[in-house]
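Data block below; observations after.
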Amino acid sequence: DTGVSQDPRHKITKRGQNVTFRCDPISEHNRLYWYRQTLGQGPEFLTYFQNEAQLEKSRLLSDRFSAERPKGSFSTLEIQRTEQGDSAMYLCASSLEELQETQYFGPGTRLLVL
Amino acid sequence: AQSVTQLDSQVPVFEEAPVELRCNYSSSVSVYLFWYVQYPNQGLQLLLKYLSGSTLVKGINGFEAEFNKSQTSFHLRKPSVHISDTAEYFCAVKYSGGGADGLTFGKGTHLIIQP
């Protein structure tokens, strides 16, 4: 069990650029979640996958945000036309369906938009 | 909508003293409750969880929490803290009625251990 991994760990970009983050869940976990955490706040739920199906995406912050999990394994979160307000920590978590209440978090990707 | 309130943004405690971090949630239905810890520049680590059964839940690192349905609270306690407990602690809730959804987190409590 290597845990949830995320790449990159840090990303600095200029306003207006697109960014993409990757999350690799724990290998046998079929559920994958994305959260955003801003300074001084708790994580905020964004979206969720069961295998390759995106079952909840109404919480995505705007239509600039999109996520995929094409083969039911790793997932990507893309932010188009980044804004300074997108600066935050983006966290990924995974869980095993039978134990769906326990989510295991990755180290996060810290995004800074200049 | 669910919400979680962590009343204390910071709690300073002397080493080896007991500590309680407070958490209240707003929901009239059954919920699952969690405490996570976040060390600097790291992801969240699960400390403990309440799904059902005994209202006193024991977790890792000597922490425990008590679920109180009438007061809609899930306070975290440790009888004797250590310097290594310095971290951010988050309480979270999830609706237990089924379906898929993420966790709703409080704003966190920064536990500061003073030597």
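Simple scheme: letters A, B, ... for chains in structure tokens order, numbers from 1 for residues in each chain, numbers from 1 for ligands in the order shown.
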**OP:** Using only C-alpha atoms, find which residues of chain B lie within 12 Å of chain A and jot them down as a count of residues only.
**Re:** 51
List the spatial neighbours of Leu112 (chain A) as a short mmCIF file (atom, residue, chain, number, x, y, z; two decimals) with all heavy atoms, in the first residue's frame - criterion: any atom at most 12 Å away, only C-alpha atoms, same-chain residues fewer than 3 positions off excluded.
```
data_model
loop_
_atom_site.label_atom_id
_atom_site.label_comp_id
_atom_site.auth_asym_id
_atom_site.auth_seq_id
_atom_site.Cartn_x
_atom_site.Cartn_y
_atom_site.Cartn_z
N ARG A 9 3.46 18.37 -6.72
CA ARG A 9 3.19 18.81 -5.35
C ARG A 9 3.00 20.31 -5.29
O ARG A 9 2.27 20.81 -4.45
CB ARG A 9 4.33 18.38 -4.43
CG ARG A 9 4.48 16.88 -4.26
CD ARG A 9 3.30 16.30 -3.45
NE ARG A 9 3.13 16.96 -2.18
CZ ARG A 9 3.80 16.69 -1.08
NH1 ARG A 9 4.70 15.73 -1.08
NH2 ARG A 9 3.56 17.35 0.04
N HIS A 10 3.67 21.01 -6.19
CA HIS A 10 3.55 22.47 -6.25
C HIS A 10 3.45 22.90 -7.71
O HIS A 10 4.09 22.30 -8.58
CB HIS A 10 4.78 23.16 -5.62
CG HIS A 10 5.03 22.74 -4.21
ND1 HIS A 10 4.43 23.36 -3.14
CD2 HIS A 10 5.80 21.76 -3.70
CE1 HIS A 10 4.85 22.78 -2.02
NE2 HIS A 10 5.67 21.81 -2.33
N LYS A 11 2.63 23.95 -7.93
CA LYS A 11 2.49 24.48 -9.28
C LYS A 11 2.32 25.98 -9.18
O LYS A 11 1.45 26.47 -8.47
CB LYS A 11 1.28 23.85 -9.97
CG LYS A 11 1.01 24.38 -11.37
CD LYS A 11 2.04 23.89 -12.35
CE LYS A 11 1.73 24.35 -13.76
NZ LYS A 11 2.77 23.91 -14.73
N ILE A 12 3.17 26.69 -9.91
CA ILE A 12 3.04 28.14 -10.03
C ILE A 12 2.70 28.45 -11.47
O ILE A 12 3.37 27.96 -12.39
CB ILE A 12 4.33 28.87 -9.61
CG1 ILE A 12 4.69 28.54 -8.16
CG2 ILE A 12 4.18 30.38 -9.79
CD1 ILE A 12 6.03 29.10 -7.72
N THR A 13 1.67 29.24 -11.69
CA THR A 13 1.25 29.55 -13.05
C THR A 13 0.81 30.99 -13.13
O THR A 13 0.59 31.66 -12.11
CB THR A 13 0.10 28.61 -13.48
OG1 THR A 13 -0.12 28.75 -14.88
CG2 THR A 13 -1.20 28.97 -12.76
N LYS A 14 0.71 31.47 -14.33
CA LYS A 14 0.24 32.84 -14.54
C LYS A 14 -1.26 32.82 -14.81
O LYS A 14 -1.80 31.86 -15.40
CB LYS A 14 0.98 33.48 -15.71
CG LYS A 14 2.46 33.71 -15.43
CD LYS A 14 3.13 34.39 -16.61
CE LYS A 14 4.59 34.65 -16.33
NZ LYS A 14 5.27 35.30 -17.48
N ARG A 15 -1.89 33.87 -14.41
CA ARG A 15 -3.33 34.00 -14.63
C ARG A 15 -3.67 33.81 -16.10
O ARG A 15 -2.99 34.32 -16.99
CB ARG A 15 -3.75 35.40 -14.17
CG ARG A 15 -5.24 35.65 -14.13
CD ARG A 15 -5.53 37.02 -13.57
NE ARG A 15 -4.74 38.05 -14.23
CZ ARG A 15 -4.73 39.32 -13.88
NH1 ARG A 15 -5.44 39.71 -12.84
NH2 ARG A 15 -4.02 40.19 -14.53
N GLN A 17 -3.63 30.86 -17.63
CA GLN A 17 -3.09 29.60 -18.11
C GLN A 17 -3.96 28.43 -17.61
O GLN A 17 -4.69 28.54 -16.63
CB GLN A 17 -1.66 29.40 -17.61
CG GLN A 17 -0.69 30.46 -18.12
CD GLN A 17 -0.51 30.36 -19.62
OE1 GLN A 17 -0.17 29.31 -20.15
NE2 GLN A 17 -0.74 31.47 -20.32
N VAL A 19 -4.10 24.54 -16.07
CA VAL A 19 -3.28 23.63 -15.28
C VAL A 19 -4.00 22.30 -15.13
O VAL A 19 -5.24 22.24 -15.13
CB VAL A 19 -2.95 24.18 -13.87
CG1 VAL A 19 -2.06 25.42 -13.98
CG2 VAL A 19 -4.22 24.50 -13.09
N THR A 38 -8.48 26.12 0.94
CA THR A 38 -7.87 27.46 0.95
C THR A 38 -7.34 27.75 2.34
O THR A 38 -7.70 27.09 3.32
CB THR A 38 -8.88 28.52 0.52
OG1 THR A 38 -10.05 28.42 1.35
CG2 THR A 38 -9.29 28.34 -0.93
N LEU A 39 -6.52 28.78 2.41
CA LEU A 39 -5.82 29.10 3.66
C LEU A 39 -6.79 29.36 4.80
O LEU A 39 -7.73 30.13 4.66
CB LEU A 39 -4.94 30.32 3.43
CG LEU A 39 -3.78 30.51 4.41
CD1 LEU A 39 -2.84 29.33 4.34
CD2 LEU A 39 -3.05 31.82 4.10
N THR A 82 -6.93 30.01 -15.48
CA THR A 82 -6.80 30.18 -14.04
C THR A 82 -6.93 31.63 -13.62
O THR A 82 -6.55 32.56 -14.35
CB THR A 82 -5.47 29.63 -13.53
OG1 THR A 82 -4.39 30.20 -14.28
CG2 THR A 82 -5.42 28.12 -13.63
N GLU A 83 -7.46 31.81 -12.42
CA GLU A 83 -7.61 33.12 -11.80
C GLU A 83 -6.86 33.10 -10.46
O GLU A 83 -6.62 32.03 -9.90
CB GLU A 83 -9.09 33.42 -11.56
CG GLU A 83 -9.93 33.40 -12.82
CD GLU A 83 -11.42 33.51 -12.54
OE1 GLU A 83 -11.81 33.54 -11.35
OE2 GLU A 83 -12.21 33.58 -13.53
N GLN A 84 -6.56 34.28 -9.95
CA GLN A 84 -5.82 34.33 -8.69
C GLN A 84 -6.58 33.66 -7.56
O GLN A 84 -6.00 33.06 -6.66
CB GLN A 84 -5.47 35.79 -8.34
CG GLN A 84 -4.39 36.36 -9.24
CD GLN A 84 -3.98 37.76 -8.82
OE1 GLN A 84 -4.79 38.54 -8.35
NE2 GLN A 84 -2.70 38.08 -9.02
N GLY A 85 -7.89 33.71 -7.61
CA GLY A 85 -8.72 33.07 -6.60
C GLY A 85 -8.67 31.56 -6.61
O GLY A 85 -9.19 30.91 -5.70
N ASP A 86 -8.05 31.00 -7.65
CA ASP A 86 -7.90 29.54 -7.70
C ASP A 86 -6.73 29.06 -6.87
O ASP A 86 -6.56 27.84 -6.68
CB ASP A 86 -7.71 29.08 -9.15
CG ASP A 86 -8.91 29.38 -10.03
OD1 ASP A 86 -10.04 29.42 -9.50
OD2 ASP A 86 -8.71 29.58 -11.25
N SER A 87 -5.91 29.97 -6.40
CA SER A 87 -4.76 29.59 -5.57
C SER A 87 -5.25 28.87 -4.33
O SER A 87 -6.06 29.41 -3.56
CB SER A 87 -3.96 30.83 -5.18
OG SER A 87 -3.41 31.44 -6.31
N ALA A 88 -4.77 27.66 -4.13
CA ALA A 88 -5.26 26.82 -3.03
C ALA A 88 -4.48 25.52 -3.04
O ALA A 88 -3.65 25.27 -3.93
CB ALA A 88 -6.75 26.52 -3.20
N MET A 89 -4.80 24.67 -2.07
CA MET A 89 -4.30 23.30 -2.06
C MET A 89 -5.40 22.42 -2.62
O MET A 89 -6.56 22.51 -2.19
CB MET A 89 -3.96 22.87 -0.64
CG MET A 89 -3.55 21.43 -0.52
SD MET A 89 -1.85 21.16 -1.02
CE MET A 89 -1.04 21.47 0.55
N TYR A 90 -5.06 21.57 -3.58
CA TYR A 90 -6.04 20.65 -4.16
C TYR A 90 -5.71 19.24 -3.67
O TYR A 90 -4.63 18.72 -3.90
CB TYR A 90 -6.04 20.75 -5.68
CG TYR A 90 -6.60 22.09 -6.12
CD1 TYR A 90 -5.79 23.21 -6.20
CD2 TYR A 90 -7.95 22.23 -6.40
CE1 TYR A 90 -6.31 24.45 -6.54
CE2 TYR A 90 -8.49 23.47 -6.75
CZ TYR A 90 -7.66 24.56 -6.81
OH TYR A 90 -8.19 25.80 -7.15
N THR A 109 -1.76 19.08 -4.00
CA THR A 109 -1.03 19.92 -4.94
C THR A 109 -1.31 21.36 -4.58
O THR A 109 -2.47 21.78 -4.57
CB THR A 109 -1.48 19.67 -6.40
OG1 THR A 109 -1.14 18.34 -6.78
CG2 THR A 109 -0.80 20.66 -7.33
#
```
**OP:** Would you list the contacts of Asp24 (chain A) as a list of chain:residue names, taking every protein, DNA or RNA residue within 7 Å and counting only C-alpha atoms, but skipping same-chain residues closer than 6 positions in sequence?
**Re:** A:Val4, A:Ser5, A:Gln6, A:Ser73, A:Phe74, A:Ser75
Original post:
Do you know which residues are at most 7 Å from region 61-76 of chain B counting only C-alpha atoms, after dropping those on the same chain fewer than 2 positions away, and could you put them as a list in words?
Top reply: Glu20, Leu21, Arg22, Cys23, Asn24, Tyr25, Ser26, Thr55, Leu56, Val57, Lys58, Gly59 and Lys78 of chain B
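Coordinates place CA of Thr76 (chain A) at a distance of 12.7 Å from CA of Asn18 (chain A).
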Original post:
Leaving out Phe21 (chain A) and any residue of its chain fewer than 5 positions from it, which residues lie within 7 Å of it when counting only C-alpha atoms, given as a list of chain:residue names?
Top reply: A:Asp7, A:Pro8, A:Thr76, A:Leu77, A:Glu78
Let's have the selection written as a CSV table (one decimal), in the first residue's frame, with all heavy atoms.
```
chain,number,residue,atom,x,y,z
A,7,ASP,N,0.5,14.6,-8.2
A,7,ASP,CA,1.5,15.2,-8.9
A,7,ASP,C,1.0,16.4,-9.8
A,7,ASP,O,0.0,16.2,-10.4
A,7,ASP,CB,2.2,14.1,-9.8
A,7,ASP,CG,3.4,14.7,-10.6
A,7,ASP,OD1,4.4,15.0,-9.9
A,7,ASP,OD2,3.3,14.9,-11.8
A,8,PRO,N,1.7,17.5,-9.8
A,8,PRO,CA,2.8,17.9,-9.0
A,8,PRO,C,2.5,18.2,-7.5
A,8,PRO,O,1.3,18.3,-7.2
A,8,PRO,CB,3.4,19.1,-9.7
A,8,PRO,CG,2.2,19.8,-10.2
A,8,PRO,CD,1.2,18.6,-10.6
A,76,THR,N,-7.5,13.1,-13.2
A,76,THR,CA,-6.9,14.4,-13.4
A,76,THR,C,-8.0,15.5,-13.1
A,76,THR,O,-9.2,15.3,-13.4
A,76,THR,CB,-6.4,14.6,-14.9
A,76,THR,OG1,-7.5,14.3,-15.8
A,76,THR,CG2,-5.3,13.6,-15.2
A,77,LEU,N,-7.5,16.6,-12.6
A,77,LEU,CA,-8.3,17.7,-12.4
A,77,LEU,C,-7.7,18.9,-13.2
A,77,LEU,O,-6.5,19.2,-13.0
A,77,LEU,CB,-8.4,18.1,-10.9
A,77,LEU,CG,-9.1,19.4,-10.5
A,77,LEU,CD1,-10.6,19.2,-10.7
A,77,LEU,CD2,-8.8,19.8,-9.1
A,78,GLU,N,-8.5,19.5,-14.0
A,78,GLU,CA,-8.0,20.6,-14.9
A,78,GLU,C,-8.7,21.9,-14.5
A,78,GLU,O,-10.0,21.9,-14.3
A,78,GLU,CB,-8.2,20.3,-16.4
A,78,GLU,CG,-7.7,21.4,-17.3
A,78,GLU,CD,-7.9,21.1,-18.8
A,78,GLU,OE1,-8.8,20.3,-19.1
A,78,GLU,OE2,-7.3,21.8,-19.6
```
**OP:** Looking only at strand (DSSP E or B) from DSSP on the backbone, list the matching residues of region 2-115 of chain B as a PyMOL selection string.
**Re:** chain B and resi 3-5+10-14+19-21+24-26+31-38+44-50+56-58+64-68+73-78+87-95+104-105+109-114
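Distance-wise, CA of Ser62 (chain A) and CA of Val29 (chain B) end up 29.5 Å apart.
Between CA of Ser94 (chain A) and CA of Arg22 (chain A) the interatomic distance comes to 13.1 Å.
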